[in-house]
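Here's target.cif, which has mmCIF, C-alpha atoms:
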data_protein
loop_
_atom_site.label_atom_id
_atom_site.label_comp_id
_atom_site.auth_asym_id
_atom_site.auth_seq_id
_atom_site.Cartn_x
_atom_site.Cartn_y
_atom_site.Cartn_z
CA MET A 1 0.00 0.00 0.00
CA TYR A 2 1.34 3.43 -0.97
CA THR A 3 0.73 6.47 1.20
CA LEU A 4 1.42 10.10 0.47
CA ALA A 5 0.59 13.21 2.43
CA ILE A 6 0.39 16.94 1.91
CA ARG A 7 0.08 19.67 4.54
CA ARG A 8 -1.47 23.10 4.41
CA SER A 9 -1.92 25.71 7.13
CA PHE A 10 -4.67 28.29 7.34
CA ILE A 11 -6.49 30.51 9.79
CA ALA A 12 -10.21 30.39 10.53
CA GLN A 13 -12.41 31.61 13.37
CA ARG A 14 -15.21 30.09 15.36
CA LEU A 15 -17.45 30.98 18.27
CA PRO A 16 -16.95 29.16 21.58
CA ALA A 17 -19.18 26.15 22.22
CA ALA A 18 -22.46 26.70 24.07
CA GLY A 19 -21.74 26.56 27.78
CA GLY A 20 -18.05 27.16 27.12
CA ARG A 21 -15.91 30.02 28.27
CA GLU A 22 -17.33 33.42 27.49
CA GLY A 23 -15.80 35.47 24.78
CA GLY A 24 -15.99 36.38 21.16
CA LEU A 25 -14.53 34.77 18.11
CA ARG A 26 -11.63 32.40 18.55
CA SER A 27 -9.02 32.40 15.85
CA HIS A 28 -7.23 29.12 15.14
CA HIS A 29 -4.13 28.55 13.07
CA TYR A 30 -5.07 25.15 11.66
CA LEU A 31 -2.68 22.67 10.10
CA ALA A 32 -4.34 20.10 7.85
CA GLU A 33 -2.47 16.98 6.75
CA PHE A 34 -4.28 15.02 4.06
CA MET A 35 -3.09 11.43 3.53
CA LEU A 36 -3.99 9.30 0.53
CA GLU A 37 -3.55 5.53 0.24
CA GLY A 38 -3.77 3.15 -2.66
CA GLU A 39 -2.37 -0.06 -4.09
CA GLY A 40 -1.54 1.05 -7.62
CA LEU A 41 0.36 3.84 -9.30
CA ASP A 42 -0.46 5.68 -12.50
CA SER A 43 1.62 5.53 -15.70
CA ASN A 44 4.00 8.16 -14.27
CA GLY A 45 4.60 6.15 -11.12
CA TYR A 46 2.43 8.39 -8.93
CA LEU A 47 -0.38 7.56 -6.58
CA VAL A 48 -1.44 11.19 -7.20
CA ASP A 49 0.67 13.99 -8.63
CA PHE A 50 1.55 16.37 -5.76
CA GLU A 51 0.96 19.44 -7.93
CA ASP A 52 -2.57 18.29 -8.83
CA LEU A 53 -3.27 17.28 -5.24
CA GLY A 54 -2.05 20.67 -4.00
CA VAL A 55 -4.51 22.46 -6.29
CA GLN A 56 -7.40 20.34 -4.98
CA VAL A 57 -6.37 20.76 -1.34
CA GLU A 58 -6.10 24.54 -1.79
CA ALA A 59 -9.62 24.59 -3.27
CA VAL A 60 -10.93 22.75 -0.21
CA ILE A 61 -9.07 24.96 2.27
CA ASP A 62 -9.93 28.22 0.48
CA ALA A 63 -13.62 27.73 1.28
CA PHE A 64 -12.74 28.04 5.00
CA ARG A 65 -9.60 30.21 5.07
CA ASP A 66 -10.12 33.48 6.98
CA GLN A 67 -13.80 32.67 7.49
CA THR A 68 -15.98 32.34 10.58
CA LEU A 69 -16.83 28.65 10.54
CA ASP A 70 -20.16 29.16 12.34
CA GLU A 71 -21.36 31.18 9.32
CA ILE A 72 -20.55 28.55 6.67
CA ASP A 73 -23.40 26.39 5.34
CA ALA A 74 -21.48 23.16 6.04
CA PHE A 75 -21.84 23.89 9.76
CA ALA A 76 -25.48 25.09 9.66
CA GLY A 77 -27.03 24.31 13.04
CA LEU A 78 -23.82 22.63 14.25
CA HIS A 79 -20.93 23.71 16.42
CA PRO A 80 -17.79 23.63 14.27
CA SER A 81 -15.83 21.21 16.43
CA ILE A 82 -12.46 20.06 15.19
CA GLU A 83 -13.88 16.54 14.79
CA LEU A 84 -16.69 17.73 12.54
CA PHE A 85 -14.35 20.07 10.67
CA SER A 86 -11.93 17.23 9.91
CA ARG A 87 -14.76 15.13 8.44
CA ILE A 88 -16.03 18.00 6.29
CA LEU A 89 -12.56 18.73 4.90
CA CYS A 90 -11.93 15.05 4.12
CA GLN A 91 -15.28 14.62 2.38
CA ARG A 92 -14.77 17.78 0.34
CA LEU A 93 -11.41 16.54 -0.93
CA ASP A 94 -13.00 13.20 -1.80
CA ASP A 95 -15.67 15.03 -3.81
CA LEU A 96 -13.06 17.00 -5.80
CA LEU A 97 -10.34 14.41 -6.30
CA TYR A 98 -10.39 12.24 -9.39
CA ALA A 99 -7.89 9.50 -8.57
CA PRO A 100 -9.30 6.02 -9.19
CA ASN A 101 -6.27 4.34 -7.63
CA VAL A 102 -6.77 6.10 -4.26
CA ALA A 103 -8.56 3.72 -1.90
CA ALA A 104 -8.63 5.90 1.22
CA ILE A 105 -8.29 9.52 2.26
CA SER A 106 -7.47 10.59 5.80
CA ILE A 107 -6.97 13.92 7.45
CA LYS A 108 -5.27 14.95 10.64
CA LEU A 109 -6.34 18.48 11.58
CA TRP A 110 -4.49 20.41 14.27
CA GLU A 111 -6.14 23.45 15.87
CA ASP A 112 -2.95 24.26 17.76
CA GLU A 113 0.43 22.66 18.44
CA GLN A 114 -1.01 20.11 20.86
CA ALA A 115 -4.59 19.29 19.84
CA TRP A 116 -5.78 17.48 16.71
CA ALA A 117 -8.59 15.32 15.37
CA ALA A 118 -8.55 12.84 12.50
CA TYR A 119 -11.05 11.42 10.05
CA ASP A 120 -10.63 8.43 7.73
CA LEU A 121 -12.66 7.86 4.59
CA GLU A 122 -12.69 4.62 2.59
CA ARG A 123 -13.46 5.24 -1.07
CA ALA A 124 -15.90 3.04 -2.95
#
Starting from the file, give its structure as structure tokens.
Amino acid sequence: MYTLAIRRSFIAQRLPAAGGREGGLRSHHYLAEFMLEGEGLDSNGYLVDFEDLGVQVEAVIDAFRDQTLDEIDAFAGLHPSIELFSRILCQRLDDLLYAPNVAAISIKLWEDEQAWAAYDLERA
């Protein structure tokens, strides 16, 4: 099984959870690491070309970069927890990525240097 990964950092804001500490918007410097796995390589010997993957990852991240997550439709009626955010990012990359040899996509999303959540998606 081949695995490759690409990282991107970005900033987004969110409101504190209901019942949480008082205060306004919280800004997070997120680090997203997307990992792709698959058995086979393409005719160039790639699981996925990093340049193509980078374009797709940037498209996913750009929808959230410098935004207030609570105001984005993907989080309508939901608190934008890091767990939920990791799933949304992973599913969005899956929707954009044409790579028939990729069997799984995972993300590890850090909201600071010590705290992260992960989500794994098996492709059909």
Item to complete: Name the residues captured by the PyMOL selection byres ((chain A and resi 73-84) around 12) when it is applied to the shown file; answer as JSON, numbers by chain.
Response: {"A": [12, 13, 14, 15, 16, 17, 18, 19, 20, 26, 28, 30, 31, 32, 63, 64, 67, 68, 69, 70, 71, 72, 85, 86, 87, 88, 89, 90, 91, 92, 107, 108, 109, 110, 111, 112, 115, 116, 117, 118, 119, 120]}
Response to the item:
In Å and to one decimal, CA of Leu96 (chain A) is distant from CA of Glu122 (chain A) by 15.0 Å
Worksheet item: Excluding same-chain residues fewer than 2 positions from Met1 (chain A), what lies within 8 Å of it counting only C-alpha atoms, as a list in words?
Response: Thr3, Glu37, Gly38, Glu39 and Gly40 of chain A
Discussion item. Could you check which residues have any atom within 12 Å of (-0.7, 3.9, -10.4), counting all atoms listed in the file with coordinates taken straight from the file, and then list them as a PyMOL selection string?
Written reply: chain A and resi 1-3+37-49+99-103
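One finds CA of Phe10 (chain A) at 26.1 Å from CA of Arg123 (chain A).
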Item to complete: Tell me, in Å to one decimal, how far CA of Arg7 (chain A) is from CA of Gly24 (chain A).
Response: 28.5 Å
Discussion item. Give me, as a PyMOL selection string, all polymer residues having an atom no more than 8 Å from Val57 (chain A), counting only C-alpha atoms and skipping those fewer than 3 positions away in the same chain.
Written reply: chain A and resi 8+53-54+60-61+93
Centre and edge lengths, as JSON, for the axis-aligned box enclosing every listed atom of region 75-79 of chain A with 6 Å of padding on each of the six sides, in Å to one decimal?
{"center_x": -24.0, "center_y": 23.9, "center_z": 13.0, "size_x": 18.1, "size_y": 14.5, "size_z": 18.8}
Worksheet entry | Counting only C-alpha atoms, the residue of A:Ser106, A:Glu113, A:Tyr98, A:Gln56 that sits nearest His29 (chain A) | A:Glu113
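With all atoms listed in the file as the atoms that count, the residue of A:Ile6, A:Ala104, A:Leu97, A:Val55 with the shortest distance to Leu36 (chain A) is A:Ala104.
Distances to Ser9 (chain A) were evaluated for A:Asp62, A:Gln114, A:Phe50, A:Asp95 using all atoms listed in the file, and the minimum falls at A:Asp62.
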